[in-house]
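Visitor: Pasting in a structure now, in structure tokens, and then I'll have a few things to ask.
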Number of protein chains: 2
Amino acid sequence: MSVTTPRGFRAAGVAAGLKASGRPDVALVVNDGPDHVAAGVFTTNRVVAAPVVWSRTAVGDGVARAVVLNSGGANACTGPDGFADTHRTAEHVGDVLGVSGGDVLVCSTGLIGERLDMPALLGGIDAAAAALAGDGGPAAATAIMTTDTVPKEVALERGDGAWSVGGMAKGAGMLAPGLATMLCVLTTDAVVPAADADAALSAATAVTFDRVDSDGCMSTNDTVVLLASGASGVVVDAAELTEALTAACAALARALVADAEGASHDIAVTVRGATSEGAAVAVARAVTRSNLFKAAVFGNDPNWGRVLSAVGTVPVEVAPFDADAVDVAINGVTVCRAGGVGEDRSLVDLAAAREVHVEIDLHAGPATATVWTNDLTHDYVHENSAYST
Amino acid sequence: MSVTTPRGFRAAGVAAGLKASGRPDVALVVNDGPDHVAAGVFTTNRVVAAPVVWSRTAVGDGVARAVVLNSGGANACTGPDGFADTHRTAEHVGDVLGVSGGDVLVCSTGLIGERLDMPALLGGIDAAAAALAGDGGPAAATAIMTTDTVPKEVALERGDGAWSVGGMAKGAGMLAPGLATMLCVLTTDAVVPAADADAALSAATAVTFDRVDSDGCMSTNDTVVLLASGASGVVVDAAELTEALTAACAALARALVADAEGASHDIAVTVRGATSEGAAVAVARAVTRSNLFKAAVFGNDPNWGRVLSAVGTVPVEVAPFDADAVDVAINGVTVCRAGGVGEDRSLVDLAAAREVHVEIDLHAGPATATVWTNDLTHDYVHENSAYST
């Protein structure tokens, strides 16, 4: 299960020397067609890395032949020289593969504010091109890891195996809405027009990656790319593609949360009874951003007071509800009922499992949404005070 | 230097048994007049504790005779019974002092979602009333502490000693805009109309307490109260009062930051060159809310990439600026210039002092603002995972 599961794709991952550890750091995913449809979703941060500027433009025509990804350096805040490095990277991949550099997307992840070691990167591209293989997906998924402890991959079949979607992602910190410090490549062998690919990708990421808010910190490099080869010959409509991409993105997003830096709990905050989906998301996000709540979960403390005090910070024009009507359940125990004390909090055992489910009922409308986050732990502080990104 | 420094005030602090530790937990501040002018500023959280609901109404007529404060319980999310407890508290203070209960303000701080031990609290009020003294300010300041390690007090003279402002505050976590889990009582012996007192208090808190954002978590109980006795006989205008209150609030706000839970650094984020003060505050707040940046400061890492990636999350309609023009200086070293690498980051020594000054120049306009925060430390996580509030 990887980006090379769908027909029409080859991939590779190699160690080019960008990482001091010597671990794999350059990945290449190539779409051998017959179609070369592509779509992309990028960080909404106004401070964007050079590869984001490049790839956003390159994918604008709905066509891409390949994606090259490197860990060991974000190439962010590196000015015009950094952009020239990205341009040169794309052109080099184009030369090696015999395609236009303008059809090569580039993704980078690592420390902000440092130039990439271009001789090492270009050498890595040559090695990756030589290693391209129809089972190269797992090697590519490994080469994009930074503080990730495991590679994240997905593949799922649709139409009784007639077509499929594959994917890989990295990201373990700076996970926040508008995507995370995450890079993700999705592939499909379905036949799909570029407009449908674009719409389906946006719809899928909006309810998956955009609802992972591990630490509230939005990266400069976030990129999700979809490549469609058409190699299955199966024509799918936008709804079918959206469904499959959403399932693939949900699996990868869940894997990102499970591997978040230093986390000991994965927390799903579900808001029900909101007047709109946007209101539900806003309330859920206020809770997933509360350091006090996240620290309480680390301490296995079902502290509903911290949930409610976070809920109350959402402006009424964003989410209309009556604070005295709110119920909060933690792992199925309604510890807060109608804004006050509910069932005995000692009935909640947070130490028993990594997953924590917080359900907030606003009793104000029909809409619901879930945002995932992690607890705030000693290890998060340790990793992010000792490791520069 | 305390709330009893201005003429016309008595105060006391006693141990009533609300805190399991047996430490002082009930404070009383009484305005002996001749004026009984009062103003208040309260949390903007939609989930508000019973004492906030009470005091907001009670201070509405610009008159108050006394403030009673308890630690050891927030009386938040306690429903109609909790509100009845607050009402009874105010009436009891009124009976003991021979004033109307409607002229008694109530503040509570501690765990959310639990009823107060009313017999203990009412007994504490009797003891506090018996202990009221013209030098009782320090005892009151001690009785309102929760996780605070030191009492916070201020006093300053104006008009060559003709009139003065005194104050006390508590708060060590849940420090965020729209005030913090903080209670603050300010006193003055100036003669001032209620409308001026209200306007001056709002103006003073807007640029002091509202710009402390220790952990981004807004409390349900935040209250800042001003009592004016007129005992000096000195009539001051709104501008004079605003200046003095702002200085007093700034000193107390700085003391809150210095005593924030588990912090090892106090961080001032100053944004210059913004198109408006609101834009400057929005950009500064984005940085003070970044866990990644705050963890980096704990690690004494002058990580300007994390500053810039936080700056970039502010929507352009909130703060117009060109990301490629932004400079960032940390403790005087311009580590980022025009959105890229500036001076050598190794020139910044964050380990040398508790105070860290981050200066961000947007080069977009004339406005500036400073927001204070703390670093994100192991001790913050420890205190907030082990201690229920």
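We name chains A, B, ... following the order of the structure tokens; residues begin at 1 in each chain, and ligands are numbered from 1 as shown.
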Please, which residues of chain A lie no more than 7 Å from chain B when the count uses only C-alpha atoms, and can they be set out as JSON, numbers by chain?
Guide: {"A": [45, 46, 47, 77, 78, 79, 112, 113, 215, 217, 218, 219, 220, 290, 291, 292, 295, 296, 298, 299, 305, 308, 309, 312, 313, 323, 339, 340, 341, 376, 377, 378, 381, 384, 385, 386]}
Visitor: Excluding same-chain residues fewer than 5 positions from A:Leu362, what lies within 7 Å of it counting only C-alpha atoms, as a PyMOL selection string?
Guide: chain A and resi 272-274+321+325-327
Visitor: Out of stretch 215-326 of chain B, which residues get alpha helix (DSSP H) from DSSP, as JSON, numbers by chain?
Guide: {"B": [238, 239, 240, 241, 242, 243, 244, 245, 246, 247, 248, 249, 250, 251, 252, 253, 254, 255, 256, 257, 258, 277, 278, 279, 280, 281, 282, 283, 284, 285, 286, 287, 288, 291, 292, 293, 294, 295, 296, 297, 298, 304, 305, 306, 307, 308, 309, 310, 311]}
Visitor: Report as an NGL selection string all protein, DNA and RNA residues lying within 12 Å of A:Leu226, evaluated on only C-alpha atoms, omitting residues in the same chain fewer than 2 positions from it.
Guide: :A and (3 or 29-31 or 36-42 or 59 or 62-67 or 105 or 165-169 or 183-190 or 192 or 194 or 196-202 or 204-205 or 223-224 or 228-229 or 241-242 or 245 or 248-249)
Visitor: Between atom CA of A:Gly13 and atom CA of A:Lys170, what is the distance in Å, rounded to a tenth?
Guide: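 Separation of atom CA of A:Gly13 and atom CA of A:Lys170: 13.6 Å.
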Visitor: Just list the residues in stretch 242-368 of chain B DSSP gives strand (DSSP E) on the backbone, as a list of chain:residue names.
Guide: B:Asp266, B:Ile267, B:Ala268, B:Val269, B:Thr270, B:Val271, B:Arg272, B:Gly273, B:Ala274, B:Asp327, B:Val328, B:Ala329, B:Ile330, B:Val333, B:Thr334, B:Val335, B:Cys336, B:Arg337, B:Gly340, B:Val341, B:Glu355, B:Val356, B:His357, B:Val358, B:Glu359, B:Ile360, B:Asp361, B:Ala367, B:Thr368
Visitor: Could you name the residues that touch B:Ala247 at 10 Å or less, counting only C-alpha atoms, but leaving out those on the same chain fewer than 3 positions away, as a PyMOL selection string?
Guide: chain B and resi 154-156+165+204+208+241-244+250-253
Visitor: Do you have the atom CA of A:Arg56-atom CA of A:Ala206 distance handy?
Guide: 17.5 Å
Visitor: Looking at only C-alpha atoms, which of B:Val52, B:Ala258, B:Ala195, B:Ala231 is the one that sits closest to B:Val150?
Guide: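 Checking each of B:Val52, B:Ala258, B:Ala195, B:Ala231 against B:Val150, counting only C-alpha atoms, the winner is B:Ala258.
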Visitor: What's the separation between atom CA of A:Thr146 and atom CA of A:Asn70, in Å to one decimal place?
Guide: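 Atom-to-atom, atom CA of A:Thr146 to atom CA of A:Asn70, that is 9.9 Å.
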Visitor: Rank nothing, just name the residue among A:Arg7, A:Asp213, A:Gly171, A:Thr246 nearest to A:Ser232, using only C-alpha atoms.
Guide: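 Looking only at the distances to A:Ser232, the closest residue turns out to be A:Arg7.
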